[in-house]
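J.: Let me give you the structure first, and then I'll get to my questions.
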Amino acid sequence: MATDTQIRIGVMGCAGIARKVSRAIHLAPNATIVAVASRSLEKAQTFATENNYPKSTKIHGSYESILEDQEVDALYIPLPTSLHVDWAIRAAEKGKHILLEKPVALNVAEFDKIVEACEANGVQIMDGTMWVHNPRTAKLQEFLSDSERFGQLKTVQSCFSFAGDENFLKNDIRVKPGLDGLGALGDAGWYAIRATLLANNFELPKTVTAFPGAVLNESGVILSCGASLSWEDGRTATIYCSFLANLTMEITAIGTNGTLRVHDFIIPYKETEASFRTITKGGFDKLVTAWVSPPSEHTVKTELPQEACMVREFARLVGEIKNNGAKPDRFWPSISRKTQLVVDAVKESVDNNYEQISLSGR
């Protein structure tokens with residue numbers, strides 16, 4: 001049973017990622033699962049049992065039904081991207097706060113409709129990008145904003161790739177145009193783009209240009225692509241995302257005084273701690289045979305897994321609105337929108353023979 005201080009969350013859809021987030025809701029001290037919905041009652045019941053839901057959890061055999069559940073404060077929505085605009089708007093119209101899986105929509109026009117519905121109904125929306133809630137991320141930002149240790153940002157490189165097997169490349173929803181039509185760009189590219197934006201203090205680039213050589217499947221869904229981003233003052237970034245290359249997730253940010261490297265930024269090597277490397281004013285010995293000072297390794301302990309930190313922050317914001325009359329925090333939808341804008345620009349560039357896309361005025 002939910003306590004008075006816990007935000008009551010309904011899980012709308014039984015996707016694989018919902019297993020991880022269900023565990024996160026169990027671990028977050030200020031949230032609890034009170035309902036689950038699938039298109040079949042049996043599937044919802046099985047999912048609830050397999051994921052140790054409280055016995056009091058309401059089982060809904062349709063998405064419409066969970067929207068009407070008065071005991072639900074907020075919904076976690078892990079549905080395919082093509083369904084987000086419809087169900088997120090309907091959820092907002094029912095006064096449900098929304099934790100929405102990424103990518104948030106198929107394009108920014110869809111996401112703007114979702115945000116409009118959220119603002120009209122006073123509900124919080126946050127996307128399901130977990131790594132930004134890891135305590136390590138605050139330490140990364142601290143280093144990047146240090147004028148002495150890091151200086152002015154010059155360039156960022158970020159990538160996320162993993163090698164999907166034959167079954168994945170044939171059957172996963174992330175390769176189906178009618179379900180998650182943005183493919184590797186929407187799934188893996190979302191993270192790399194978010195990392196480059198975070199390093200740039202969420203300032204949008206001026207231009208985005210996809211690299212020639214994007215790989216698309218026979219349905220036209222992107223399986224692998226890369227892009228360059230450039231800012232007004234000469235800062236640059238490159239991103240790469242792929243379902244066809246070995247598991248890699250990296251950020252390298254280079255400033256005038258320092259360099260930051262993260263080798264496991266999306267899912268840390270260990271759940272209980274997360275590390276990153278920095279170097280400030282690197283140099284060689286006199287013979288140029290070795291570095292004078294090797295990079296420093298920094299380790300941040302994590303009391304809760306990063307996905308539970310995400311749920312805790314989401315529930316905190318919902319609690320402020322529910323109990324104290326606060327306004328929804330617009331920071332989270334604003335960075336979702338910026339990430340989606342860059343995703344859209346990369347896709348537009350791929351679709352238009354890799355031409356340069358301007359983001360001015362978007």
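A note on labels: chains of the structure tokens are A, B, ... as shown, every chain counts residues from 1, and ligands are counted from 1 in their shown order.
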So that I can check the surroundings of Thr248 (chain A), please list as a PDB file with N, CA, C and O atoms, in the first residue's frame every protein, DNA and RNA residue that reaches within 12 Å of it, counting only C-alpha atoms and ignoring chain neighbours fewer than 6 positions away.

T.:
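This is the output file result13.pdb:
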ATOM      1  N   SER A 158      30.775  11.892 -28.666  1.00  0.00           N
ATOM      2  CA  SER A 158      29.988  10.939 -27.883  1.00  0.00           C
ATOM      3  C   SER A 158      29.458   9.846 -28.799  1.00  0.00           C
ATOM      4  O   SER A 158      29.081  10.111 -29.947  1.00  0.00           O
ATOM      5  N   CYS A 159      29.432   8.629 -28.277  1.00  0.00           N
ATOM      6  CA  CYS A 159      28.919   7.517 -29.074  1.00  0.00           C
ATOM      7  C   CYS A 159      28.202   6.516 -28.182  1.00  0.00           C
ATOM      8  O   CYS A 159      28.478   6.425 -26.979  1.00  0.00           O
ATOM      9  N   PHE A 160      27.266   5.805 -28.783  1.00  0.00           N
ATOM     10  CA  PHE A 160      26.659   4.641 -28.146  1.00  0.00           C
ATOM     11  C   PHE A 160      26.367   3.629 -29.235  1.00  0.00           C
ATOM     12  O   PHE A 160      25.632   3.910 -30.183  1.00  0.00           O
ATOM     13  N   SER A 161      26.987   2.463 -29.099  1.00  0.00           N
ATOM     14  CA  SER A 161      26.744   1.398 -30.075  1.00  0.00           C
ATOM     15  C   SER A 161      26.621   0.072 -29.340  1.00  0.00           C
ATOM     16  O   SER A 161      27.152  -0.100 -28.240  1.00  0.00           O
ATOM     17  N   PHE A 162      25.866  -0.825 -29.934  1.00  0.00           N
ATOM     18  CA  PHE A 162      25.852  -2.222 -29.496  1.00  0.00           C
ATOM     19  C   PHE A 162      25.501  -3.074 -30.701  1.00  0.00           C
ATOM     20  O   PHE A 162      24.852  -2.616 -31.638  1.00  0.00           O
ATOM     21  N   ALA A 163      25.977  -4.331 -30.664  1.00  0.00           N
ATOM     22  CA  ALA A 163      25.798  -5.228 -31.813  1.00  0.00           C
ATOM     23  C   ALA A 163      24.530  -6.055 -31.622  1.00  0.00           C
ATOM     24  O   ALA A 163      24.523  -7.027 -30.855  1.00  0.00           O
ATOM     25  N   ALA A 188      19.777   4.792 -29.514  1.00  0.00           N
ATOM     26  CA  ALA A 188      21.154   4.997 -29.059  1.00  0.00           C
ATOM     27  C   ALA A 188      21.624   6.440 -29.270  1.00  0.00           C
ATOM     28  O   ALA A 188      22.311   7.018 -28.423  1.00  0.00           O
ATOM     29  N   TYR A 191      21.044   9.221 -26.549  1.00  0.00           N
ATOM     30  CA  TYR A 191      21.979   9.349 -25.435  1.00  0.00           C
ATOM     31  C   TYR A 191      23.204  10.175 -25.819  1.00  0.00           C
ATOM     32  O   TYR A 191      23.659  11.020 -25.050  1.00  0.00           O
ATOM     33  N   ALA A 192      23.755   9.901 -26.997  1.00  0.00           N
ATOM     34  CA  ALA A 192      24.943  10.626 -27.438  1.00  0.00           C
ATOM     35  C   ALA A 192      24.626  12.107 -27.645  1.00  0.00           C
ATOM     36  O   ALA A 192      25.422  12.985 -27.299  1.00  0.00           O
ATOM     37  N   TYR A 240      27.891   9.375 -32.716  1.00  0.00           N
ATOM     38  CA  TYR A 240      27.794   8.130 -33.488  1.00  0.00           C
ATOM     39  C   TYR A 240      26.879   7.191 -32.729  1.00  0.00           C
ATOM     40  O   TYR A 240      26.962   7.080 -31.499  1.00  0.00           O
ATOM     41  N   CYS A 241      25.988   6.537 -33.452  1.00  0.00           N
ATOM     42  CA  CYS A 241      25.091   5.561 -32.830  1.00  0.00           C
ATOM     43  C   CYS A 241      24.904   4.393 -33.787  1.00  0.00           C
ATOM     44  O   CYS A 241      24.867   4.563 -35.000  1.00  0.00           O
ATOM     45  N   SER A 242      24.806   3.185 -33.220  1.00  0.00           N
ATOM     46  CA  SER A 242      24.735   2.020 -34.093  1.00  0.00           C
ATOM     47  C   SER A 242      24.179   0.806 -33.370  1.00  0.00           C
ATOM     48  O   SER A 242      24.422   0.611 -32.172  1.00  0.00           O
ATOM     49  N   VAL A 262      34.605   9.708 -20.221  1.00  0.00           N
ATOM     50  CA  VAL A 262      33.709   8.775 -19.545  1.00  0.00           C
ATOM     51  C   VAL A 262      33.517   7.581 -20.479  1.00  0.00           C
ATOM     52  O   VAL A 262      33.164   7.762 -21.641  1.00  0.00           O
ATOM     53  N   HIS A 263      33.748   6.383 -19.977  1.00  0.00           N
ATOM     54  CA  HIS A 263      33.723   5.192 -20.828  1.00  0.00           C
ATOM     55  C   HIS A 263      32.460   4.336 -20.665  1.00  0.00           C
ATOM     56  O   HIS A 263      32.315   3.325 -21.355  1.00  0.00           O
ATOM     57  N   ASP A 264      31.583   4.724 -19.741  1.00  0.00           N
ATOM     58  CA  ASP A 264      30.402   3.902 -19.447  1.00  0.00           C
ATOM     59  C   ASP A 264      29.230   4.808 -19.049  1.00  0.00           C
ATOM     60  O   ASP A 264      28.524   4.534 -18.092  1.00  0.00           O
ATOM     61  N   PHE A 265      29.050   5.900 -19.803  1.00  0.00           N
ATOM     62  CA  PHE A 265      28.187   6.967 -19.308  1.00  0.00           C
ATOM     63  C   PHE A 265      26.705   6.612 -19.229  1.00  0.00           C
ATOM     64  O   PHE A 265      25.966   7.169 -18.421  1.00  0.00           O
ATOM     65  N   ILE A 266      26.249   5.668 -20.029  1.00  0.00           N
ATOM     66  CA  ILE A 266      24.813   5.343 -20.036  1.00  0.00           C
ATOM     67  C   ILE A 266      24.475   4.318 -18.957  1.00  0.00           C
ATOM     68  O   ILE A 266      23.524   4.491 -18.189  1.00  0.00           O
ATOM     69  N   ILE A 267      25.262   3.250 -18.895  1.00  0.00           N
ATOM     70  CA  ILE A 267      25.111   2.230 -17.854  1.00  0.00           C
ATOM     71  C   ILE A 267      26.493   2.002 -17.249  1.00  0.00           C
ATOM     72  O   ILE A 267      27.378   1.464 -17.917  1.00  0.00           O
ATOM     73  N   PRO A 268      26.709   2.436 -16.004  1.00  0.00           N
ATOM     74  CA  PRO A 268      28.040   2.283 -15.406  1.00  0.00           C
ATOM     75  C   PRO A 268      28.468   0.816 -15.331  1.00  0.00           C
ATOM     76  O   PRO A 268      27.625  -0.084 -15.232  1.00  0.00           O
ATOM     77  N   TYR A 269      29.784   0.606 -15.363  1.00  0.00           N
ATOM     78  CA  TYR A 269      30.315  -0.758 -15.253  1.00  0.00           C
ATOM     79  C   TYR A 269      29.787  -1.445 -13.991  1.00  0.00           C
ATOM     80  O   TYR A 269      29.503  -2.636 -13.995  1.00  0.00           O
TER      81      TYR A 269
END

J.: Skip Trp231 (chain A) itself and residues of its chain fewer than 5 positions away, then list as a list in words all residues within 9 Å of it, counting only C-alpha atoms.

T.: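 Listing them by chain and then by number gives Glu203, Leu204, Pro205, Lys206, Thr207, Thr236 and Ala237 of chain A.
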
J.: Check the smallest atom-to-atom distance from each of A:Glu355, A:Gly258, A:Ala253, A:Ser62 to Ser147 (chain A) using only C-alpha atoms, then report the winner.

T.: A:Gly258

J.: Tell me, as a list in words, which residues lie within 12 Å of Thr137 (chain A), counting only C-alpha atoms; anything in the same chain fewer than 6 positions away does not count.

T.: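 With the cut-off at 12 Å, the set is Met130, Trp131, Phe143, Leu144, Arg194, Ala195, Leu198, Ala199, Ile251, Leu260, Val262, Asp264, Phe265, Ile266, Ile267, Pro268, Glu273, Ala274, Ser275, Phe276, His298, Thr299, Val300, Lys301, Thr302, Gln306 and Cys309 of chain A.
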
J.: I need the strand (DSSP E) residues of region 125-290 of chain A per DSSP on the backbone, written as a ChimeraX atom specification.

T.: /A:125-127,153-163,207-210,215-216,222-230,236-242,244-255,258-262,273-280

J.: For each of A:Gln124, A:Thr81, A:Thr272, A:Ser228, take the minimum atom-to-atom distance to Phe111 (chain A), counting only C-alpha atoms, then give the residue where this is smallest.

T.: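 Of A:Gln124, A:Thr81, A:Thr272, A:Ser228, the one nearest Phe111 (chain A), counting only C-alpha atoms, is A:Thr81.
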
J.: Show which residues sit within 10 Å of Arg362 (chain A), as a VMD selection string. Count only C-alpha atoms, and ignore same-chain residues fewer than 5 positions away.

T.: chain A and resid 108 204 338 341

J.: I'd like the interatomic distance between CA of Tyr354 (chain A) and CA of Val156 (chain A), to a tenth of an Å.

T.: 20.6 Å

J.: DSSP on the backbone, alpha helix (DSSP H) only: what residues of region 182-350 of chain A does that give? Format it as a PyMOL selection string.

T.: chain A and resi 183-184+190-199+306-324+331-350

J.: Find the residues of region 151-241 of chain A that sit at most 9 Å from region 87-107 of chain A; for each, write down the nearest two atoms and how far apart they are in Å, to one decimal. Count only C-alpha atoms. Sort by chain, then by number going up, and give it as a tab-separated table.

T.:
residue	atom	partner	partner_atom	distance
A:Asp180	CA	A:Leu106	CA	7.8
A:Gly181	CA	A:Leu106	CA	7.2
A:Leu182	CA	A:Leu106	CA	6.8
A:Gly186	CA	A:Pro103	CA	5.4
A:Asp187	CA	A:Pro103	CA	6.5
A:Trp190	CA	A:Pro103	CA	6.7

J.: Nearest to Asn257 (chain A): which of A:Gln340, A:Ser334, A:Asn201, A:Gln152 is it, counting only C-alpha atoms?

T.: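 Checking each of A:Gln340, A:Ser334, A:Asn201, A:Gln152 against Asn257 (chain A), counting only C-alpha atoms, the winner is A:Gln152.
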
J.: What lies within 10 Å of Asn30 (chain A) using only C-alpha atoms, ignoring chain neighbours under 5 positions off, as a PyMOL selection string?

T.: chain A and resi 2-8+25+311-316+319

J.: Can you write just those residues out, C-alpha atoms, as a compact mmCIF listing (two decimals), in the first residue's frame?

T.:
# COMPACT_ATOMS: atom_id res chain seq x y z
CA ALA A 2 1.12 3.55 -0.73
CA THR A 3 2.02 5.76 2.21
CA ASP A 4 0.83 9.38 2.34
CA THR A 5 4.22 10.61 1.19
CA GLN A 6 4.65 8.18 -1.71
CA ILE A 7 3.66 9.10 -5.26
CA ARG A 8 1.38 6.43 -6.72
CA ILE A 25 10.11 2.46 -8.47
CA VAL A 311 12.18 7.97 -10.22
CA ARG A 312 12.98 9.69 -6.91
CA GLU A 313 13.45 13.07 -8.63
CA PHE A 314 10.33 12.60 -10.75
CA ALA A 315 8.30 11.66 -7.66
CA ARG A 316 9.75 14.63 -5.74
CA GLY A 319 4.91 15.59 -4.78

J.: Using only C-alpha atoms, find the one residue out of A:Gly151, A:Val343, A:Ser82, A:Thr238 that sits nearest to Ala184 (chain A).

T.: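 Checking each of A:Gly151, A:Val343, A:Ser82, A:Thr238 against Ala184 (chain A), counting only C-alpha atoms, the winner is A:Val343.
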